[in-house]
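Participant: Before we start, here is the structure in question, set down as structure tokens.
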Number of protein chains: 2
Amino acid sequence: MTDIAMIRAAASRLRGNIRETPLLNAPLLDRLAGRRVFVKAECLQLTGSFKARGGWSAVSALPEDARKRGVIAFSSGNHAQGVAYAAACHGAPCVILMPSDAPEVKIANTRAYGAEVVLYDRATQDRDAIGAALAADRGLTLIRPYDDPQVIAGQGTAGLEIAAQAAAAGITRAEVLVCCGGGGLAAGIALALEADAPGLTVRTAEPEGFDDMARSLASGMRQPNPAATGSICDAILTPTPGILTLPILQRLAGPGLAVTDDQALQAMALAFTHLRIVLEPGGAVALAAALFAPGLPDTVIAVATGGNVDPAIFATALERFA
Amino acid sequence: MTDIAMIRAAASRLRGNIRETPLLNAPLLDRLAGRRVFVKAECLQLTGSFKARGGWSAVSALPEDARKRGVIAFSSGNHAQGVAYAAACHGAPCVILMPSDAPEVKIANTRAYGAEVVLYDRATQDRDAIGAALAADRGLTLIRPYDDPQVIAGQGTAGLEIAAQAAAAGITRAEVLVCCGGGGLAAGIALALEADAPGLTVRTAEPEGFDDMARSLASGMRQPNPAATGSICDAILTPTPGILTLPILQRLAGPGLAVTDDQALQAMALAFTHLRIVLEPGGAVALAAALFAPGLPDTVIAVATGGNVDPAIFATALERFA
């Protein structure tokens with residue numbers, strides 16, 4: 001299981017390879033929010049999301065022979081790019097299994113990072129079976145998006161940075177809102193803050209209708225989402241919390257938050273205007289919660305998890321809310 | 001005259017008040033450019049541009065009694081917001097003289113930073129006369145946008161950061177491309193690099209048709225632009241180089257570069273896609289030069305100077321080039 005020692009070890013491996021992202025704020029945004037809002041800008045991370053941390057951590061933790069055989073991941077989005085980038089930097093072969101109807105640009109970007117993209121037909125083919133056959137055939141190691149101790153440790157390095165940056169800014173008590181899919185980032189940050197900034201408490205942020213983590217935290221049992229699609233926040237529409245992540249968050253996180261798609265779009269527009277960063281909808285839900293959720297404290301830190309957004313969706317956010 | 005000691009003193013005053021902005025890069029952007037491109041993201045600076053550095057430096061350098069009487073600036077853009085923010089943080093009264101046809105949002109933002117905005121009619125009123133009368137009446141100190149030694153020193157703090165960040169990234173030789181209006185930022189950075197990173201050379205970047213600095217550097221004499229408007233790069237359409245800035249750049253800078261408006265828009269779109277930052281056209285010309293200008297070396301650092309952009313112009317850049 002991931003612990004603070006694993007997170008610190010991951011931070012050593014990541015140093016100089018993964019960007020330390022800035023903690024941004026804007027006086028005019030604070031005024032709109034009615035509280036101090038700091039934004040951990042993981043959209044500025046290499047590959048455009050925090051997933052590069054977990055990918056780097058997992059690939060760099062592999063034994064030399066396993067790394068030489070290579071890695072495999074299932075993802076059409078940020079995890080694919082994070083793993084592909086990390087593998088390329090380590091000279092490790094990398095296979096990414098993507099649905100054949102994935103956006104062309106995501107396929108192209110994943111290939112540009114050096115990965116071999118294997119397409120499958122969602123309707124007629126079994127992804128897990130194809131992946132298992134490929135992995136067995138070539139001796140590839142599967143890198144899971146969140147239910148992997150070294151991935152959680154890598155994501156936790158963002159929490160070490162938040163702890164240090166908050167201390168430098170004089171922040172000793174705050175809620176740290178984290179966009180949440182399977183919960184790998186939130187769990188990693190929670191472990192890091194427990195050790196380095198115990199006055200900072202993680203709360204997950206999800207899209208309304210897809211708040212499986214919030215309901216799981218409330219009930220103490222892994223709850224599924226009723227549907228697999230139906231929100232623009234595609235990056236964080238996981239079916240259910242992770243097996244490894246939920247117990248960590250049950251112990252350390254506050255109640256989960258949820259926001260509407262329109263609030264996510266509005267947060268994207270406000271981040272454009274006041275912070276000059278590009279967020280994707282799923283990367284903006286924590287900022288949306290920081291701006292619009294009731295009952296938050298005077299100081300919140302929102303983790304802006306990713307910025308890989310379709311230009312048309314970004315333009316819609318600007319047209320409607322900027 | 002500004003020297004490295006003044007820049008270091010400004011850096012001490014700015015510490016903890018002005019953001020150290022990150023040096024970003026993206027492997028896929030390097031591939032497009034055919035060279036290594038690093039971006040000093042001053043769009044992430046407080047107030048959305050590097051102007052907060054010069055504003056803070058100038059206001060903080062004033063004697064106590066002058067600061068209490070207050071400051072005045074002429075600007076409808078980034079300098080207004082930089083000075084207004086710095087003045088508010090120092091408890092100094094601040095008057096910003098703006099044309100009455102300035103965009104409503106810029107007037108509102110400048111007021112939101114706490115400044116008193118005085119509007120004048122461009123067609124019938126004399127800005128300098130109104131400013132001089134106000135300054136005399138209230139004992140205000142005029143903060144010039146670039147021809148002020150303390151403003152140049154403040155902008156030069158970005159150069160100290162570039163020197164340190166380049167060293168940390170192992171960059172010992174590079175051209176540093178700087179978006180250039182009056183030349184305050186370019187001159188300040190050039191002085192800082194001369195002291196801390198002599199292998200790094202400044203080159204100015206301007207809009208085609210408004211390359212007064214490039215022509216002045218080539219001729220050794222201050223050259224005017226033929227027109228005051230006619231490019232979307234409004235932030236850097238100054239009539240002619242500064243009196244203080246040109247000699248510094250003549251001594252330290254390479255030949256000036258110029259890019260088209262379309263190249264600036266394309267750089268905005270590529271910064272959106274690959275770096276997830278928001279740039280205004282005038283803040284993107286250095287990146288445009290880094291991507292599209294001929295004859296550049298293997299490694300360039302582009303200073304992305306500002307991100308205060310009209311959403312409609314940003315949407316146009318995305319629609320045409322993303």
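If you're wondering about the labels, chains in the structure tokens are A, B, ... by order shown, residues count from 1 in each chain, ligands from 1 in order shown.
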Excluding Phe292 of chain A and any residue of its chain fewer than 3 positions from it, enumerate the residues within 8 Å of it, using only C-alpha atoms, and give them as a list in words.

Facilitator: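 Near Phe292 of chain A, the qualifying residues are Ala33, Gln263, Ala288 and Ala289 of chain A.
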
Participant: Chain A residues within 6 Å of chain B, counting only C-alpha atoms: which ones, as a PyMOL selection string?

Facilitator: chain A and resi 276-278+307+315

Participant: Pick out the residues sitting within 8 Å of Met98 of chain B, and hand them over as JSON, numbers by chain; count only C-alpha atoms, and ignore anything fewer than 5 positions along from it in its own chain.

Facilitator: {"B": [74, 75, 76, 107, 117, 118, 119, 120]}

Participant: Mind dumping the selected residues with C-alpha atoms as a PDB file, in the first residue's frame?

Facilitator:
```
ATOM      1  CA  PHE B  74      -1.490  56.672 -18.414  1.00  0.00           C
ATOM      2  CA  SER B  75      -2.596  53.345 -19.852  1.00  0.00           C
ATOM      3  CA  SER B  76      -5.617  51.477 -21.050  1.00  0.00           C
ATOM      4  CA  ILE B 107     -11.859  50.116 -17.017  1.00  0.00           C
ATOM      5  CA  VAL B 117      -9.992  55.853 -13.196  1.00  0.00           C
ATOM      6  CA  VAL B 118     -10.135  59.291 -14.830  1.00  0.00           C
ATOM      7  CA  LEU B 119     -11.531  59.191 -18.348  1.00  0.00           C
ATOM      8  CA  TYR B 120     -10.628  61.672 -21.057  1.00  0.00           C
TER       9      TYR B 120
END
```

Participant: Write out as a PyMOL selection string each polymer residue whose atoms come within 12 Å of Gln155 of chain B, counting only C-alpha atoms; drop sequence neighbours fewer than 2 positions from it.

Facilitator: chain B and resi 2+4+6-8+10-11+14+18+42+45+49-58+79+82+145-153+157-162+178+183-192+245+303+305

Participant: Rank nothing, just name the residue among A:Ile171, A:Met1, A:Leu246, A:Val285 nearest to Phe210 of chain A, using only C-alpha atoms.

Facilitator: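 When distances to Phe210 of chain A are compared using only C-alpha atoms, the smallest one comes from A:Val285.
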
Participant: Can you check which residues of segment 51-206 of chain B DSSP gives as strand (DSSP E) on the backbone and send them as a ChimeraX atom specification?

Facilitator: /B:71-74,94-99,116-120,141-142,174-179,200-206
